[in-house]
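Visitor: Just one file: data-v8.tsv, with TSV, C-alpha atoms.
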```tsv
chain	number	residue	atom	x	y	z
Q	1	MET	CA	0.00	0.00	0.00
Q	2	LYS	CA	1.40	3.36	-1.03
Q	3	HIS	CA	1.60	6.03	1.66
Q	4	THR	CA	2.68	9.59	0.74
Q	5	VAL	CA	4.84	11.53	3.15
Q	6	LEU	CA	5.78	15.13	2.31
Q	7	PHE	CA	8.10	17.64	3.93
Q	8	SER	CA	7.11	21.25	4.18
Q	9	ALA	CA	9.42	24.16	3.44
Q	10	SER	CA	10.16	24.46	7.15
Q	11	GLY	CA	11.35	20.91	7.25
Q	12	THR	CA	8.38	19.44	9.08
Q	13	ARG	CA	6.69	16.37	7.76
Q	14	GLU	CA	3.09	16.50	6.55
Q	15	ASN	CA	0.96	13.34	6.44
Q	16	ARG	CA	-1.91	13.92	4.02
Q	17	GLY	CA	-3.50	10.55	4.72
Q	18	TRP	CA	-3.88	11.32	8.41
Q	19	ARG	CA	-5.41	14.76	7.78
Q	20	ARG	CA	-8.04	13.33	5.45
Q	21	SER	CA	-8.96	10.73	8.05
Q	22	ASP	CA	-9.37	13.44	10.69
Q	23	GLU	CA	-11.57	15.52	8.36
Q	24	ARG	CA	-13.80	12.53	7.62
Q	25	GLY	CA	-14.23	11.87	11.37
Q	26	SER	CA	-15.09	15.50	12.07
Q	27	ALA	CA	-17.66	15.55	9.26
Q	28	LEU	CA	-19.24	12.35	10.61
Q	29	ALA	CA	-19.52	13.83	14.09
Q	30	TRP	CA	-21.16	16.98	12.74
Q	31	SER	CA	-23.57	14.91	10.66
Q	32	MET	CA	-24.60	12.87	13.69
Q	33	ALA	CA	-25.12	16.08	15.72
Q	34	VAL	CA	-27.32	17.56	12.99
Q	35	VAL	CA	-29.33	14.33	12.75
Q	36	MET	CA	-29.86	14.31	16.53
Q	37	ILE	CA	-31.01	17.95	16.48
Q	38	LEU	CA	-33.43	17.22	13.63
Q	39	LEU	CA	-34.78	14.19	15.49
Q	40	ILE	CA	-35.38	16.31	18.58
Q	41	ILE	CA	-37.17	18.98	16.54
Q	42	VAL	CA	-39.31	16.43	14.66
Q	43	THR	CA	-40.22	14.67	17.93
Q	44	ALA	CA	-41.23	17.97	19.54
Q	45	VAL	CA	-43.33	18.99	16.52
Q	46	LEU	CA	-45.04	15.59	16.43
Q	47	SER	CA	-45.73	15.78	20.16
Q	48	LEU	CA	-47.24	19.26	19.85
Q	49	SER	CA	-49.30	18.16	16.85
Q	50	MET	CA	-50.62	15.15	18.73
Q	51	ASN	CA	-51.51	17.27	21.76
Q	52	TYR	CA	-53.26	19.81	19.55
Q	53	ALA	CA	-55.12	17.06	17.70
Q	54	ASN	CA	-56.21	15.49	20.99
Q	55	ARG	CA	-57.40	18.83	22.35
Q	56	SER	CA	-59.26	19.55	19.14
Q	57	PHE	CA	-60.91	16.12	19.25
Q	58	THR	CA	-61.90	16.61	22.89
Q	59	ASN	CA	-63.25	20.11	22.25
Q	60	ASN	CA	-65.22	18.95	19.21
Q	61	ALA	CA	-66.62	15.98	21.13
Q	62	ARG	CA	-67.64	18.20	24.04
Q	63	GLN	CA	-69.20	20.72	21.69
Q	64	GLN	CA	-71.23	17.96	20.02
Q	65	ALA	CA	-72.30	16.71	23.46
Q	66	TYR	CA	-73.50	20.24	24.23
Q	67	TYR	CA	-75.49	20.45	20.99
Q	68	THR	CA	-77.08	17.07	21.73
Q	69	ALA	CA	-78.02	18.12	25.27
Q	70	LYS	CA	-79.37	21.43	23.93
Q	71	SER	CA	-81.47	19.60	21.36
Q	72	ALA	CA	-82.80	17.31	24.10
Q	73	VAL	CA	-83.90	20.02	26.54
Q	74	ASP	CA	-85.43	22.12	23.74
Q	75	LEU	CA	-87.32	19.10	22.38
Q	76	LEU	CA	-88.64	18.17	25.81
Q	77	ALA	CA	-89.55	21.79	26.54
Q	78	GLU	CA	-91.51	21.93	23.29
Q	79	LYS	CA	-93.43	18.77	24.17
Q	80	ILE	CA	-94.12	19.98	27.71
Q	81	GLY	CA	-95.23	23.32	26.30
Q	82	ALA	CA	-97.74	21.39	24.19
Q	83	ASN	CA	-99.10	19.91	27.46
Q	84	ASN	CA	-97.85	16.39	26.81
Q	85	PRO	CA	-99.05	14.53	29.94
Q	86	ASP	CA	-96.40	11.80	29.66
Q	87	LEU	CA	-93.63	14.36	30.07
Q	88	THR	CA	-95.23	16.79	32.52
Q	89	PRO	CA	-94.47	15.99	36.18
Q	90	THR	CA	-97.25	16.39	38.71
Q	91	ALA	CA	-97.49	16.67	42.48
Q	92	ASP	CA	-98.06	12.89	42.65
Q	93	HIS	CA	-95.23	12.11	40.22
Q	94	PRO	CA	-92.72	14.97	40.59
Q	95	LEU	CA	-89.82	13.25	38.77
Q	96	ILE	CA	-89.85	11.71	35.30
Q	97	GLU	CA	-86.82	9.77	34.03
Q	98	VAL	CA	-86.31	9.82	30.26
Q	99	THR	CA	-83.94	6.90	29.76
Q	100	GLU	CA	-83.60	7.13	26.00
Q	101	LEU	CA	-83.73	10.06	23.64
Q	102	ARG	CA	-83.32	8.94	20.06
Q	103	PHE	CA	-81.00	11.00	17.93
Q	104	ASP	CA	-78.92	10.26	14.85
Q	105	SER	CA	-75.92	8.08	15.60
Q	106	GLY	CA	-73.64	11.01	14.92
Q	107	MET	CA	-75.10	12.94	17.88
Q	108	GLY	CA	-74.21	10.47	20.64
Q	109	THR	CA	-76.56	9.37	23.42
Q	110	CYS	CA	-78.63	11.33	25.91
Q	111	THR	CA	-80.77	10.76	28.99
Q	112	ALA	CA	-82.85	13.31	30.86
Q	113	GLN	CA	-84.75	14.04	34.06
Q	114	ILE	CA	-87.84	16.23	34.24
Q	115	GLU	CA	-88.47	17.52	37.75
Q	116	ARG	CA	-91.37	19.45	39.23
Q	117	LEU	CA	-89.98	22.20	41.47
Q	118	SER	CA	-93.23	23.93	42.25
Q	119	GLU	CA	-96.67	24.41	40.77
Q	120	ASP	CA	-95.27	26.91	38.30
Q	121	ARG	CA	-91.71	25.69	37.78
Q	122	ILE	CA	-90.22	22.63	36.04
Q	123	ARG	CA	-86.57	21.78	35.50
Q	124	ILE	CA	-85.26	19.64	32.62
Q	125	ALA	CA	-81.73	18.21	32.97
Q	126	ALA	CA	-80.21	16.44	29.95
Q	127	ASN	CA	-76.93	14.55	30.12
Q	128	ALA	CA	-75.41	13.89	26.68
Q	129	VAL	CA	-72.39	11.71	25.87
Q	130	TYR	CA	-70.42	11.86	22.66
Q	131	ALA	CA	-67.06	10.13	22.06
Q	132	GLY	CA	-66.51	9.83	25.79
Q	133	GLU	CA	-67.25	13.52	26.53
Q	134	GLU	CA	-70.26	14.43	28.69
Q	135	TYR	CA	-72.27	17.62	28.91
Q	136	LEU	CA	-75.03	18.39	31.40
Q	137	LEU	CA	-77.46	21.12	30.40
Q	138	THR	CA	-80.43	22.25	32.49
Q	139	LEU	CA	-83.42	24.27	31.39
Q	140	SER	CA	-85.99	25.74	33.76
Q	141	LEU	CA	-89.57	26.24	32.59
Q	142	THR	CA	-92.12	28.55	34.10
Q	143	ARG	CA	-95.89	28.62	33.63
Q	144	GLU	CA	-97.24	31.75	31.98
Q	145	GLU	CA	-100.91	32.11	31.10
Q	146	GLY	CA	-101.40	28.37	31.45
Q	147	ARG	CA	-98.45	27.46	29.17
Q	148	TRP	CA	-94.98	26.22	30.03
Q	149	VAL	CA	-92.30	28.51	28.55
Q	150	LYS	CA	-88.52	28.59	28.75
Q	151	TYR	CA	-87.12	30.51	31.69
Q	152	ARG	CA	-83.36	29.87	32.15
Q	153	TYR	CA	-80.58	27.61	30.87
Q	154	MET	CA	-77.87	26.38	33.22
Q	155	TYR	CA	-74.69	25.29	31.48
Q	156	ASP	CA	-72.33	22.52	32.52
Q	157	GLY	CA	-70.06	23.64	35.35
Q	158	GLU	CA	-72.36	26.37	36.67
Q	159	SER	CA	-73.62	26.50	40.21
Q	160	THR	CA	-77.28	25.64	40.63
Q	161	PRO	CA	-79.35	28.83	40.37
Q	162	THR	CA	-81.71	29.67	43.19
Q	163	ASP	CA	-84.83	30.08	41.10
Q	164	ALA	CA	-87.95	31.46	42.70
Q	165	GLY	CA	-90.06	28.53	43.77
Q	166	ASP	CA	-87.25	25.96	43.62
Q	167	THR	CA	-87.53	23.36	46.36
Q	168	THR	CA	-84.46	21.29	45.48
Q	169	THR	CA	-80.78	21.91	44.93
Q	170	GLY	CA	-80.98	20.65	41.36
Q	171	THR	CA	-79.41	17.72	39.56
Q	172	ALA	CA	-76.21	19.37	38.39
Q	173	SER	CA	-73.02	19.00	40.38
Q	174	ALA	CA	-70.79	22.04	40.30
Q	175	THR	CA	-67.70	23.52	41.87
Q	176	THR	CA	-67.97	27.08	43.14
Q	177	THR	CA	-64.84	29.20	42.90
Q	178	THR	CA	-64.22	32.36	44.86
Q	179	THR	CA	-62.96	35.32	42.88
Q	180	THR	CA	-62.41	38.96	43.68
Q	181	GLU	CA	-63.37	41.89	41.50
Q	182	PRO	CA	-60.66	44.54	41.00
Q	183	THR	CA	-60.83	47.18	43.71
Q	184	THR	CA	-60.42	49.97	41.18
Q	185	ALA	CA	-63.61	49.10	39.29
Q	186	THR	CA	-67.29	49.37	40.06
Q	187	THR	CA	-69.49	46.50	38.90
Q	188	VAL	CA	-72.29	47.84	36.73
Q	189	LYS	CA	-75.37	45.79	35.97
Q	190	PRO	CA	-78.25	46.94	33.79
Q	191	SER	CA	-80.72	48.60	36.11
Q	192	GLY	CA	-84.35	47.85	35.50
Q	193	ALA	CA	-83.69	45.60	32.50
Q	194	LEU	CA	-86.95	44.03	31.41
Q	195	SER	CA	-87.22	40.27	31.73
Q	196	GLY	CA	-86.49	38.64	28.40
Q	197	THR	CA	-84.26	41.39	27.03
Q	198	VAL	CA	-80.54	41.04	26.37
Q	199	GLY	CA	-79.82	43.28	29.35
Q	200	ASP	CA	-81.64	40.84	31.62
Q	201	GLU	CA	-79.14	38.10	30.70
Q	202	ILE	CA	-76.78	39.46	33.37
Q	203	ASN	CA	-78.93	37.48	35.82
Q	204	GLU	CA	-77.65	34.28	34.19
Q	205	LYS	CA	-74.08	35.01	35.29
Q	206	ARG	CA	-72.80	32.27	37.61
Q	207	PRO	CA	-69.39	31.27	39.01
Q	208	GLY	CA	-69.09	28.70	36.23
Q	209	ASN	CA	-69.53	31.15	33.35
Q	210	ASP	CA	-68.25	34.36	34.95
Q	211	LYS	CA	-64.75	34.66	33.44
Q	212	LYS	CA	-64.09	38.15	34.81
Q	213	GLU	CA	-61.96	40.59	32.79
Q	214	TYR	CA	-61.50	39.77	29.11
Q	215	ARG	CA	-58.10	38.46	28.00
Q	216	ASP	CA	-57.42	37.85	24.32
Q	217	THR	CA	-55.10	34.92	25.10
Q	218	ARG	CA	-57.80	32.98	26.91
Q	219	ALA	CA	-60.25	30.49	25.41
Q	220	TYR	CA	-63.95	30.95	26.16
Q	221	ASN	CA	-67.01	28.72	25.92
Q	222	GLU	CA	-70.36	29.69	24.50
Q	223	GLY	CA	-72.33	31.50	27.20
Q	224	ASP	CA	-69.29	32.82	29.11
Q	225	PHE	CA	-69.46	36.36	30.51
Q	226	VAL	CA	-66.50	38.77	30.44
Q	227	TYR	CA	-66.13	42.46	31.17
Q	228	LEU	CA	-64.04	45.36	29.92
Q	229	VAL	CA	-63.07	48.18	32.29
Q	230	GLY	CA	-63.82	51.67	31.03
Q	231	ASP	CA	-61.81	54.82	31.64
Q	232	ASP	CA	-64.26	55.71	34.41
Q	233	GLY	CA	-63.68	52.36	36.13
Q	234	GLU	CA	-67.09	50.99	35.20
Q	235	LEU	CA	-67.51	47.48	33.83
Q	236	THR	CA	-69.22	46.68	30.54
Q	237	TRP	CA	-70.28	43.05	30.26
Q	238	TYR	CA	-70.22	40.86	27.16
Q	239	ARG	CA	-71.24	37.26	26.47
Q	240	ALA	CA	-69.65	34.76	24.09
Q	241	ILE	CA	-72.14	33.49	21.51
Q	242	SER	CA	-69.89	30.59	20.45
Q	243	ASP	CA	-66.79	28.75	21.64
Q	244	ILE	CA	-63.71	30.95	21.15
Q	245	PRO	CA	-60.14	29.60	20.99
Q	246	GLY	CA	-57.49	31.65	22.76
Q	247	GLY	CA	-55.25	34.09	20.95
Q	248	ASN	CA	-55.62	36.45	17.99
Q	249	TYR	CA	-59.41	36.40	17.83
Q	250	TRP	CA	-61.85	39.30	17.70
Q	251	GLY	CA	-62.46	40.95	21.02
Q	252	PRO	CA	-65.82	42.18	22.30
Q	253	THR	CA	-65.43	45.69	20.86
Q	254	ASP	CA	-63.60	44.88	17.61
Q	255	THR	CA	-65.48	46.04	14.53
Q	256	GLY	CA	-66.73	43.06	12.57
Q	257	ASN	CA	-66.68	40.69	15.54
Q	258	TYR	CA	-68.91	37.62	15.20
Q	259	LEU	CA	-68.32	36.20	18.64
Q	260	TRP	CA	-69.63	38.56	21.36
Q	261	LYS	CA	-72.87	40.14	22.48
Q	262	ARG	CA	-72.94	43.21	24.70
Q	263	ILE	CA	-75.16	42.64	27.72
Q	264	THR	CA	-77.33	45.71	27.59
Q	265	THR	CA	-80.86	46.20	26.32
Q	266	ALA	CA	-79.82	49.10	24.06
Q	267	TYR	CA	-78.92	47.94	20.55
Q	268	ASP	CA	-75.15	47.81	19.96
Q	269	PRO	CA	-74.07	47.82	16.27
Q	270	VAL	CA	-70.86	45.96	17.16
Q	271	SER	CA	-72.71	43.08	18.82
Q	272	VAL	CA	-74.05	39.93	17.24
Q	273	TYR	CA	-77.52	38.83	18.32
Q	274	LEU	CA	-79.10	35.39	18.41
Q	275	PRO	CA	-82.65	34.38	17.47
Q	276	GLY	CA	-85.02	35.44	20.25
Q	277	ASP	CA	-82.82	38.27	21.58
Q	278	ILE	CA	-84.80	41.40	22.40
Q	279	ILE	CA	-83.17	44.85	22.22
Q	280	GLN	CA	-84.29	48.48	22.26
Q	281	THR	CA	-83.42	51.05	19.60
Q	282	ASP	CA	-82.79	54.76	20.10
Q	283	ASP	CA	-86.42	55.59	19.25
Q	284	GLY	CA	-87.61	53.51	22.22
Q	285	LYS	CA	-88.96	50.59	20.17
Q	286	TYR	CA	-88.21	46.96	21.01
Q	287	TYR	CA	-87.19	44.40	18.41
Q	288	ARG	CA	-86.72	40.63	18.59
Q	289	ALA	CA	-84.13	38.88	16.41
Q	290	LEU	CA	-85.59	36.28	14.06
Q	291	VAL	CA	-82.21	34.96	12.88
Q	292	LYS	CA	-78.58	35.46	13.84
Q	293	ALA	CA	-78.26	39.22	13.38
Q	294	PHE	CA	-74.93	40.77	12.41
Q	295	ALA	CA	-73.98	44.44	12.40
Q	296	SER	CA	-74.84	44.70	8.71
Q	297	TRP	CA	-78.50	43.89	9.54
Q	298	PRO	CA	-79.58	46.49	12.13
Q	299	PRO	CA	-83.19	46.75	13.25
Q	300	PRO	CA	-85.69	47.04	11.69
Q	301	THR	CA	-84.21	45.01	8.79
Q	302	ALA	CA	-87.08	42.89	7.39
Q	303	GLY	CA	-86.70	39.17	7.89
Q	304	VAL	CA	-84.05	39.72	10.58
Q	305	TRP	CA	-85.96	41.66	13.25
Q	306	GLU	CA	-89.61	41.94	14.28
Q	307	GLU	CA	-91.01	44.73	16.43
Q	308	VAL	CA	-92.42	43.58	19.76
Q	309	THR	CA	-94.23	45.14	22.68
Q	310	TYR	CA	-94.81	43.95	26.21
Q	311	THR	CA	-97.41	43.88	28.93
Q	312	ILE	CA	-97.04	43.10	32.61
Q	313	ASP	CA	-99.49	40.64	34.14
Q	314	PRO	CA	-100.92	40.98	37.69
Q	315	SER	CA	-98.05	38.84	39.05
Q	316	GLY	CA	-95.46	41.21	37.63
Q	317	ASN	CA	-94.34	38.95	34.78
Q	318	VAL	CA	-93.33	40.57	31.49
Q	319	ILE	CA	-95.23	39.17	28.50
Q	320	TRP	CA	-93.80	39.86	25.03
Q	321	GLN	CA	-95.83	39.83	21.83
Q	322	ARG	CA	-95.54	41.08	18.26
Q	323	ALA	CA	-96.32	44.74	17.80
```
Would you mind giving the structure from this file in structure tokens?

Guide:
Amino acid sequence: MKHTVLFSASGTRENRGWRRSDERGSALAWSMAVVMILLIIVTAVLSLSMNYANRSFTNNARQQAYYTAKSAVDLLAEKIGANNPDLTPTADHPLIEVTELRFDSGMGTCTAQIERLSEDRIRIAANAVYAGEEYLLTLSLTREEGRWVKYRYMYDGESTPTDAGDTTTGTASATTTTTTEPTTATTVKPSGALSGTVGDEINEKRPGNDKKEYRDTRAYNEGDFVYLVGDDGELTWYRAISDIPGGNYWGPTDTGNYLWKRITTAYDPVSVYLPGDIIQTDDGKYYRALVKAFASWPPPTAGVWEEVTYTIDPSGNVIWQRA
């Protein structure tokens, strides 16, 4: 085997074969380091992707469970409102168990309880399960002019509301958290908001859906309440009309937002309103949304809003009807 040995001008010997071997070893070490770094990066990306996919799957499953539970309580409320005797609890039979509600296979399964709380109050609690995720939704009904009508929803995780006439603590289990409002702000609630208007929704705020001051990095669920603090220290409340992921999404006051509703009876052109929401315009008239109403469809846009008026019965209940 031929081995070349050279002498430099200074008289030192240079071994080219050795230097090439050293260079190949150094290149191999650098290659292995790069491969290890790439493996670490790929592993981290895959782990984050899997976590995100799992969270998305869980959120989607829980959202579907909510929609199934919402469909169940609304369906049962409709049948009770039609005076269906099989689904209307009485003093002799105050609790009705609905062991099977039939939905499409893609909606999961659901059971429900219908409970008589008083002569004029019924509570429907539906527990839906989809892909291992559960959602418990409760709807209270009240009797008005001989008919059962919707009174209040209670979302999963909320404390049980103390409804007038309730004689039980309800069927929903909940954890109550203690929070403190900022000492520099004054909590402002709509004063004298008529029952059934958007402003009256502040009475649905509970520890489970009261998320305090709005933060754009935080995720919110449909029905959550948040507030913004004004320059005068007063709080303006808003409510999420859909589930909102955290980060880089429209805030409550952003023009063109499709996610928040301001909790005041006065019409707000930045808000989005849901079917059934009742607001008041500057001319003093009341309008009820017929469909999901965006800022581009202000009242009295035909097909989007209908004018309504109200009367107050001898018991002090507000009764809404078309104008």

Visitor: With a distance cut-off of 8 Å and all atoms listed in the file, select the neighbouring residues of Tyr214 (chain Q), excluding the residue or stretch itself and same-chain residues fewer than 4 positions from it, and output the selection as a tab-separated table (two decimals) with C-alpha atoms, in the frame of the given file.

Guide:
```
chain	number	residue	atom	x	y	z
Q	226	VAL	CA	-66.50	38.77	30.44
Q	227	TYR	CA	-66.13	42.46	31.17
Q	228	LEU	CA	-64.04	45.36	29.92
```

Visitor: Grab the CA of Glu201 (chain Q) to CA of Pro252 (chain Q) distance for me, in Å with one decimal place.

Guide: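 Answer for the CA of Glu201 (chain Q) to CA of Pro252 (chain Q) separation: 16.3 Å.
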
Visitor: For each of Q:Leu139, Q:Ala293, Q:Arg206, Q:Ala131, take the minimum atom-to-atom distance to Asn59 (chain Q), counting only C-alpha atoms, then give the residue where this is smallest.

Guide: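 Residue with the minimum atom-to-atom distance to Asn59 (chain Q): Q:Ala131.
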
Visitor: Quote the spacing between CA of Gly146 (chain Q) and CA of Pro89 (chain Q) in Å to one decimal place.

Guide: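 Distance between the two atoms: 15.0 Å.
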
Visitor: If we draw a sphere of 8 Å around (-78.4, 14.7, 25.6), which residues have at least one atom in it when counting only C-alpha atoms? Please report them as a list in words.

Guide: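 Residues close enough to count: Ala65, Tyr66, Tyr67, Thr68, Ala69, Lys70, Ser71, Ala72, Val73, Leu101, Gly108, Thr109, Cys110, Thr111, Ala112, Ala126, Asn127, Ala128, Val129, Tyr135 and Leu136 of chain Q.
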
Visitor: Calculate how many Å separate CA of Ile122 (chain Q) from CA of Leu76 (chain Q), rounding to one decimal.

Guide: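 CA of Leu76 (chain Q) lies at a distance of 11.3 Å from CA of Ile122 (chain Q).
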
Visitor: Env of Asp92 (chain Q): 12 Å cut, atoms = all atoms listed in the file, seq-sep filter 5 positions within chain, self excluded. Answer as number ranges by chain.

Guide: Q: 115-116, 119

Visitor: Quick one: of Q:Val198, Q:Leu48, Q:Ala193, Q:Ala219, who's nearest to Tyr238 (chain Q), counting only C-alpha atoms?

Guide: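 Of the candidates, the smallest distance to Tyr238 (chain Q) is held by Q:Val198.
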
Visitor: Using the incomplete input, complete region 280-290 of chain Q to the level of all heavy atoms; output as a PDB file, in the coordinates of the input.

Guide:
```pdb
ATOM      1  N   GLN Q 280     -83.539  47.228  22.408  1.00  0.00           N
ATOM      2  CA  GLN Q 280     -84.290  48.480  22.260  1.00  0.00           C
ATOM      3  C   GLN Q 280     -83.463  49.440  21.419  1.00  0.00           C
ATOM      4  O   GLN Q 280     -82.266  49.616  21.649  1.00  0.00           O
ATOM      5  CB  GLN Q 280     -84.598  49.094  23.617  1.00  0.00           C
ATOM      6  CG  GLN Q 280     -85.514  50.310  23.551  1.00  0.00           C
ATOM      7  CD  GLN Q 280     -85.821  50.863  24.939  1.00  0.00           C
ATOM      8  OE1 GLN Q 280     -85.001  50.769  25.846  1.00  0.00           O
ATOM      9  NE2 GLN Q 280     -87.010  51.434  25.096  1.00  0.00           N
ATOM     10  N   THR Q 281     -84.109  50.087  20.448  1.00  0.00           N
ATOM     11  CA  THR Q 281     -83.420  51.050  19.600  1.00  0.00           C
ATOM     12  C   THR Q 281     -83.550  52.454  20.186  1.00  0.00           C
ATOM     13  O   THR Q 281     -84.261  52.687  21.167  1.00  0.00           O
ATOM     14  CB  THR Q 281     -84.011  51.023  18.175  1.00  0.00           C
ATOM     15  OG1 THR Q 281     -85.450  51.150  18.250  1.00  0.00           O
ATOM     16  CG2 THR Q 281     -83.687  49.698  17.498  1.00  0.00           C
ATOM     17  N   ASP Q 282     -82.827  53.401  19.567  1.00  0.00           N
ATOM     18  CA  ASP Q 282     -82.790  54.760  20.100  1.00  0.00           C
ATOM     19  C   ASP Q 282     -84.167  55.419  20.140  1.00  0.00           C
ATOM     20  O   ASP Q 282     -84.401  56.338  20.936  1.00  0.00           O
ATOM     21  CB  ASP Q 282     -81.841  55.629  19.267  1.00  0.00           C
ATOM     22  CG  ASP Q 282     -80.390  55.209  19.424  1.00  0.00           C
ATOM     23  OD1 ASP Q 282     -80.076  54.549  20.437  1.00  0.00           O
ATOM     24  OD2 ASP Q 282     -79.572  55.528  18.537  1.00  0.00           O
ATOM     25  N   ASP Q 283     -85.081  54.991  19.272  1.00  0.00           N
ATOM     26  CA  ASP Q 283     -86.420  55.590  19.250  1.00  0.00           C
ATOM     27  C   ASP Q 283     -87.354  54.971  20.290  1.00  0.00           C
ATOM     28  O   ASP Q 283     -88.550  55.286  20.323  1.00  0.00           O
ATOM     29  CB  ASP Q 283     -87.041  55.478  17.857  1.00  0.00           C
ATOM     30  CG  ASP Q 283     -87.139  54.040  17.371  1.00  0.00           C
ATOM     31  OD1 ASP Q 283     -86.807  53.114  18.150  1.00  0.00           O
ATOM     32  OD2 ASP Q 283     -87.522  53.834  16.208  1.00  0.00           O
ATOM     33  N   GLY Q 284     -86.811  54.089  21.140  1.00  0.00           N
ATOM     34  CA  GLY Q 284     -87.610  53.510  22.220  1.00  0.00           C
ATOM     35  C   GLY Q 284     -88.354  52.243  21.852  1.00  0.00           C
ATOM     36  O   GLY Q 284     -89.006  51.641  22.711  1.00  0.00           O
ATOM     37  N   LYS Q 285     -88.261  51.795  20.596  1.00  0.00           N
ATOM     38  CA  LYS Q 285     -88.960  50.590  20.170  1.00  0.00           C
ATOM     39  C   LYS Q 285     -88.140  49.337  20.524  1.00  0.00           C
ATOM     40  O   LYS Q 285     -86.907  49.381  20.582  1.00  0.00           O
ATOM     41  CB  LYS Q 285     -89.242  50.630  18.676  1.00  0.00           C
ATOM     42  CG  LYS Q 285     -90.206  51.731  18.256  1.00  0.00           C
ATOM     43  CD  LYS Q 285     -90.449  51.691  16.745  1.00  0.00           C
ATOM     44  CE  LYS Q 285     -91.428  52.769  16.323  1.00  0.00           C
ATOM     45  NZ  LYS Q 285     -91.681  52.757  14.854  1.00  0.00           N
ATOM     46  N   TYR Q 286     -88.851  48.242  20.726  1.00  0.00           N
ATOM     47  CA  TYR Q 286     -88.210  46.960  21.010  1.00  0.00           C
ATOM     48  C   TYR Q 286     -88.297  46.063  19.769  1.00  0.00           C
ATOM     49  O   TYR Q 286     -89.321  46.052  19.080  1.00  0.00           O
ATOM     50  CB  TYR Q 286     -88.874  46.264  22.189  1.00  0.00           C
ATOM     51  CG  TYR Q 286     -88.610  46.933  23.518  1.00  0.00           C
ATOM     52  CD1 TYR Q 286     -89.496  47.871  24.028  1.00  0.00           C
ATOM     53  CD2 TYR Q 286     -87.475  46.618  24.265  1.00  0.00           C
ATOM     54  CE1 TYR Q 286     -89.257  48.499  25.252  1.00  0.00           C
ATOM     55  CE2 TYR Q 286     -87.230  47.225  25.491  1.00  0.00           C
ATOM     56  CZ  TYR Q 286     -88.121  48.173  25.977  1.00  0.00           C
ATOM     57  OH  TYR Q 286     -87.887  48.778  27.179  1.00  0.00           O
ATOM     58  N   TYR Q 287     -87.219  45.324  19.536  1.00  0.00           N
ATOM     59  CA  TYR Q 287     -87.190  44.400  18.410  1.00  0.00           C
ATOM     60  C   TYR Q 287     -86.634  43.058  18.877  1.00  0.00           C
ATOM     61  O   TYR Q 287     -85.761  42.998  19.749  1.00  0.00           O
ATOM     62  CB  TYR Q 287     -86.307  44.932  17.269  1.00  0.00           C
ATOM     63  CG  TYR Q 287     -86.895  46.137  16.585  1.00  0.00           C
ATOM     64  CD1 TYR Q 287     -86.621  47.416  17.056  1.00  0.00           C
ATOM     65  CD2 TYR Q 287     -87.726  46.005  15.471  1.00  0.00           C
ATOM     66  CE1 TYR Q 287     -87.161  48.537  16.438  1.00  0.00           C
ATOM     67  CE2 TYR Q 287     -88.261  47.118  14.845  1.00  0.00           C
ATOM     68  CZ  TYR Q 287     -87.982  48.380  15.331  1.00  0.00           C
ATOM     69  OH  TYR Q 287     -88.523  49.484  14.713  1.00  0.00           O
ATOM     70  N   ARG Q 288     -87.173  41.991  18.277  1.00  0.00           N
ATOM     71  CA  ARG Q 288     -86.720  40.630  18.590  1.00  0.00           C
ATOM     72  C   ARG Q 288     -86.051  40.042  17.341  1.00  0.00           C
ATOM     73  O   ARG Q 288     -86.612  40.109  16.242  1.00  0.00           O
ATOM     74  CB  ARG Q 288     -87.891  39.758  19.024  1.00  0.00           C
ATOM     75  CG  ARG Q 288     -87.513  38.303  19.326  1.00  0.00           C
ATOM     76  CD  ARG Q 288     -88.618  37.615  20.106  1.00  0.00           C
ATOM     77  NE  ARG Q 288     -89.916  37.790  19.477  1.00  0.00           N
ATOM     78  CZ  ARG Q 288     -91.084  37.699  20.121  1.00  0.00           C
ATOM     79  NH1 ARG Q 288     -91.117  37.444  21.417  1.00  0.00           N
ATOM     80  NH2 ARG Q 288     -92.227  37.867  19.478  1.00  0.00           N
ATOM     81  N   ALA Q 289     -84.858  39.467  17.531  1.00  0.00           N
ATOM     82  CA  ALA Q 289     -84.130  38.880  16.410  1.00  0.00           C
ATOM     83  C   ALA Q 289     -84.804  37.603  15.948  1.00  0.00           C
ATOM     84  O   ALA Q 289     -85.151  36.741  16.767  1.00  0.00           O
ATOM     85  CB  ALA Q 289     -82.684  38.597  16.806  1.00  0.00           C
ATOM     86  N   LEU Q 290     -84.989  37.473  14.646  1.00  0.00           N
ATOM     87  CA  LEU Q 290     -85.590  36.280  14.060  1.00  0.00           C
ATOM     88  C   LEU Q 290     -84.522  35.278  13.622  1.00  0.00           C
ATOM     89  O   LEU Q 290     -84.778  34.071  13.568  1.00  0.00           O
ATOM     90  CB  LEU Q 290     -86.464  36.646  12.864  1.00  0.00           C
ATOM     91  CG  LEU Q 290     -87.622  37.595  13.159  1.00  0.00           C
ATOM     92  CD1 LEU Q 290     -88.306  38.007  11.852  1.00  0.00           C
ATOM     93  CD2 LEU Q 290     -88.626  36.947  14.104  1.00  0.00           C
TER      94      LEU Q 290
END
```
